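Have a look at the structure below before the remarks.
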Amino acid sequence: MPRLEDHCWSCSCASRIETKHSSGANWLAHKAEEMMSIITSVLSNAYGSLHDVRTANLIRRGLVLFTVGAFLALVLNLLQIQRHVTLFPEEVMATLFSSAWWIPPCCGTGAAVVGLLYPCLDSHLGEPHKFKREWASVMRCIAVFVGINHASVKLDFANNVQLSLTLAALSLGLWWTFDRSRSGFGLGITTAVLATVFTQLLVYNGVYQYTSPDFLYVRSWLPCIFFSGGVTVGNIGRQLAMGGVEKPHMD
């Protein structure tokens with residue numbers, strides 16, 4: 001009999017211990033589930049906030065690039081019109097700015113796209129651009145770009161080929177002085193090709209025309225202008241992506 005009682009007592013103790021272990025495991029599982037839900041919620045909120053900040057920053061940079069591109073396009077196009085490099089219909093010339101209304105928004109959109117692509121391509125290639133990363137250098141780059149545009153309508157050469165070679169050398173000099181990156185050179189060439197093809201289509205369809213065209217329907221130096229413009233806008237986009245923090249440049 002004592003053995004039977006001892007056996008029953010040990011069985012009841014074992015069942016109570018198993019119940020305690022089971023309830024403890026359930027409690028730990030419940031607490032772990034609560035902690036995981038809290039961590040997931042915090043991470044989700046943090047990611048959402050970070051995503052919102054990045055989106056707002058991207059929109060801000062795009063608006064700045066659009067404004068710069070539209071302003072430069074308006075000023076430089078007026079310069080070409082005054083020098084009779086480009087010809088527009090009479091109804092266009094009667095507008096307030098004596099220029100086609102669609103040029104600033106088109107160039108502004110192109111500037112925003114190119115300027116946002118430059119830092120993205122740098123990040124994708126794993127080659128962060130560190131050469132002359134400061135606003136003073138960016139402003140000098142803009143000044144040189146405007147100078148190249150001014151030279152395209154002011155300099156007098158025997159033929160357009162000599163002028164095109166001169167502007168090509170100046171454009172490469174701008175890239176070498178203010179960029180020197182493979183991504184900058186590649187995007188500059190891509191910008192020049194696409195913009196030149198788009199301009200050829202506009203002139204072909206009679207939207208406007210160039211005087212003395214020597215490269216199908218446009219001037220042969222036009223790709224040089226687009227190349228230097230792409231490099232200039234790219235430098236602005238890179239600087240905006242840095243948040244305006246100046247860093248020592250590498251000569």
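Following the order of the structure tokens, chains are lettered A, B, ..., residues in each are numbered from 1, and ligands are numbered from 1.
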Which neighbours of Ala70 in chain A fall inside 9 Å, counting only C-alpha atoms, when residues of the same chain fewer than 6 positions from it are skipped, and could you give them as a list in words?
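Surrounding residues, per the criterion: Ile103, Pro104, Pro105, Cys106, Cys107, Gly108, Thr109 and Ala111 of chain A.
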Which distance in Å separates CA of Ala136 in chain A and CA of Leu78 in chain A, to one decimal?
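That distance, rounded to one decimal, is 26.4 Å.
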Which of these residues is nearest to Ala100 in chain A, using only C-alpha atoms: A:Arg54, A:Thr196, A:Phe178, A:Val207?
A:Val207
What is the CA of Thr86 in chain A to CA of Leu222 in chain A distance in Å?
11.6 Å
Per-residue DSSP, range 55-197 of chain A, filtered to helix (DSSP H, G or I), as a PyMOL selection string
chain A and resi 55-82+90-93+103-125+135-154+160-178+182-197
Which is closest to Trp175 in chain A among A:Thr232, A:Asn57, A:Gln200, A:Thr67, if we use only C-alpha atoms?
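Smallest separation from Trp175 in chain A among the options: A:Thr232.
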Applying 10 Å and only C-alpha atoms, which residues near Tyr204 in chain A remain after dropping the ones on its own chain fewer than 5 positions away? List them as a list of chain:residue names.
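Final neighbour list, sorted by chain and number: A:Phe198, A:Thr199, A:Gln209, A:Leu216, A:Tyr217, A:Val218.
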Output the selection as a PDB file, in the first residue's frame - all heavy atoms for each residue.
```pdb
ATOM      1  N   PHE A 198      16.027  64.563 -80.072  1.00  0.00           N
ATOM      2  CA  PHE A 198      14.747  65.217 -79.803  1.00  0.00           C
ATOM      3  C   PHE A 198      14.661  66.563 -80.527  1.00  0.00           C
ATOM      4  O   PHE A 198      13.621  66.910 -81.115  1.00  0.00           O
ATOM      5  CB  PHE A 198      14.590  65.422 -78.290  1.00  0.00           C
ATOM      6  CG  PHE A 198      13.296  66.063 -77.889  1.00  0.00           C
ATOM      7  CD1 PHE A 198      12.092  65.392 -78.017  1.00  0.00           C
ATOM      8  CD2 PHE A 198      13.274  67.363 -77.381  1.00  0.00           C
ATOM      9  CE1 PHE A 198      10.891  65.984 -77.648  1.00  0.00           C
ATOM     10  CE2 PHE A 198      12.090  67.964 -77.004  1.00  0.00           C
ATOM     11  CZ  PHE A 198      10.890  67.268 -77.147  1.00  0.00           C
ATOM     12  N   THR A 199      15.757  67.317 -80.518  1.00  0.00           N
ATOM     13  CA  THR A 199      15.780  68.601 -81.214  1.00  0.00           C
ATOM     14  C   THR A 199      15.650  68.412 -82.719  1.00  0.00           C
ATOM     15  O   THR A 199      14.961  69.186 -83.405  1.00  0.00           O
ATOM     16  CB  THR A 199      17.075  69.360 -80.887  1.00  0.00           C
ATOM     17  OG1 THR A 199      17.212  69.477 -79.466  1.00  0.00           O
ATOM     18  CG2 THR A 199      17.065  70.744 -81.491  1.00  0.00           C
ATOM     19  N   GLN A 209      13.423  76.345 -86.224  1.00  0.00           N
ATOM     20  CA  GLN A 209      14.520  75.979 -87.107  1.00  0.00           C
ATOM     21  C   GLN A 209      15.800  76.701 -86.722  1.00  0.00           C
ATOM     22  O   GLN A 209      15.767  77.704 -86.009  1.00  0.00           O
ATOM     23  CB  GLN A 209      14.178  76.290 -88.556  1.00  0.00           C
ATOM     24  CG  GLN A 209      13.901  77.750 -88.829  1.00  0.00           C
ATOM     25  CD  GLN A 209      13.545  78.021 -90.274  1.00  0.00           C
ATOM     26  OE1 GLN A 209      13.813  77.199 -91.139  1.00  0.00           O
ATOM     27  NE2 GLN A 209      12.945  79.157 -90.537  1.00  0.00           N
ATOM     28  N   LEU A 216      22.482  67.676 -90.148  1.00  0.00           N
ATOM     29  CA  LEU A 216      21.088  67.412 -90.497  1.00  0.00           C
ATOM     30  C   LEU A 216      20.292  68.718 -90.375  1.00  0.00           C
ATOM     31  O   LEU A 216      20.470  69.620 -91.168  1.00  0.00           O
ATOM     32  CB  LEU A 216      20.515  66.295 -89.626  1.00  0.00           C
ATOM     33  CG  LEU A 216      21.151  64.910 -89.812  1.00  0.00           C
ATOM     34  CD1 LEU A 216      20.494  63.897 -88.881  1.00  0.00           C
ATOM     35  CD2 LEU A 216      21.076  64.445 -91.255  1.00  0.00           C
ATOM     36  N   TYR A 217      19.441  68.847 -89.345  1.00  0.00           N
ATOM     37  CA  TYR A 217      18.594  70.033 -89.233  1.00  0.00           C
ATOM     38  C   TYR A 217      19.078  71.034 -88.189  1.00  0.00           C
ATOM     39  O   TYR A 217      18.430  72.068 -87.987  1.00  0.00           O
ATOM     40  CB  TYR A 217      17.150  69.612 -88.892  1.00  0.00           C
ATOM     41  CG  TYR A 217      16.555  68.648 -89.892  1.00  0.00           C
ATOM     42  CD1 TYR A 217      16.471  67.292 -89.606  1.00  0.00           C
ATOM     43  CD2 TYR A 217      16.088  69.104 -91.117  1.00  0.00           C
ATOM     44  CE1 TYR A 217      15.926  66.408 -90.521  1.00  0.00           C
ATOM     45  CE2 TYR A 217      15.532  68.218 -92.036  1.00  0.00           C
ATOM     46  CZ  TYR A 217      15.464  66.869 -91.735  1.00  0.00           C
ATOM     47  OH  TYR A 217      14.923  65.990 -92.637  1.00  0.00           O
ATOM     48  N   VAL A 218      20.180  70.746 -87.508  1.00  0.00           N
ATOM     49  CA  VAL A 218      20.657  71.621 -86.430  1.00  0.00           C
ATOM     50  C   VAL A 218      22.116  71.973 -86.664  1.00  0.00           C
ATOM     51  O   VAL A 218      22.749  71.521 -87.626  1.00  0.00           O
ATOM     52  CB  VAL A 218      20.485  70.943 -85.050  1.00  0.00           C
ATOM     53  CG1 VAL A 218      19.032  70.603 -84.791  1.00  0.00           C
ATOM     54  CG2 VAL A 218      21.350  69.691 -84.950  1.00  0.00           C
TER      55      VAL A 218
END
```
Could you tell me how far CA of Ser183 in chain A lies from CA of Val64 in chain A, in Å and to one decimal?
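Distance reported for this atom pair: 21.6 Å.
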All residues 12 Å or closer to Arg219 in chain A, only C-alpha atoms, same chain fewer than 3 positions away omitted, as a ChimeraX atom specification:
/A:80,85-86,152-153,159-164,167,196,199-200,203,209-216,222-225
Store the residues picked out above, limited to C-alpha atoms, as a compact mmCIF listing (two decimals), in the first residue's frame.
```txt
# COMPACT_ATOMS: atom_id res chain seq x y z
CA GLN A 80 20.28 82.38 -79.37
CA VAL A 85 20.78 81.28 -84.34
CA THR A 86 17.27 79.88 -83.88
CA SER A 152 28.48 79.35 -79.43
CA VAL A 153 26.63 82.46 -80.63
CA ASN A 159 32.84 77.42 -90.68
CA ASN A 160 30.74 75.60 -88.10
CA VAL A 161 33.16 72.67 -87.94
CA GLN A 162 35.88 74.81 -86.37
CA LEU A 163 33.37 76.24 -83.91
CA SER A 164 32.10 72.74 -83.08
CA LEU A 167 33.13 73.95 -78.19
CA THR A 196 20.06 66.18 -80.06
CA THR A 199 15.78 68.60 -81.21
CA GLN A 200 16.20 67.10 -84.69
CA VAL A 203 13.03 71.00 -86.26
CA GLN A 209 14.52 75.98 -87.11
CA TYR A 210 18.23 76.75 -87.00
CA THR A 211 19.96 79.13 -89.35
CA SER A 212 22.78 77.55 -91.38
CA PRO A 213 22.28 73.95 -90.17
CA ASP A 214 25.23 71.68 -90.91
CA PHE A 215 24.32 68.57 -88.87
CA LEU A 216 21.09 67.41 -90.50
CA LEU A 222 24.57 71.58 -80.37
CA PRO A 223 25.59 68.18 -78.86
CA CYS A 224 28.49 69.96 -77.12
CA ILE A 225 26.02 72.33 -75.45
```
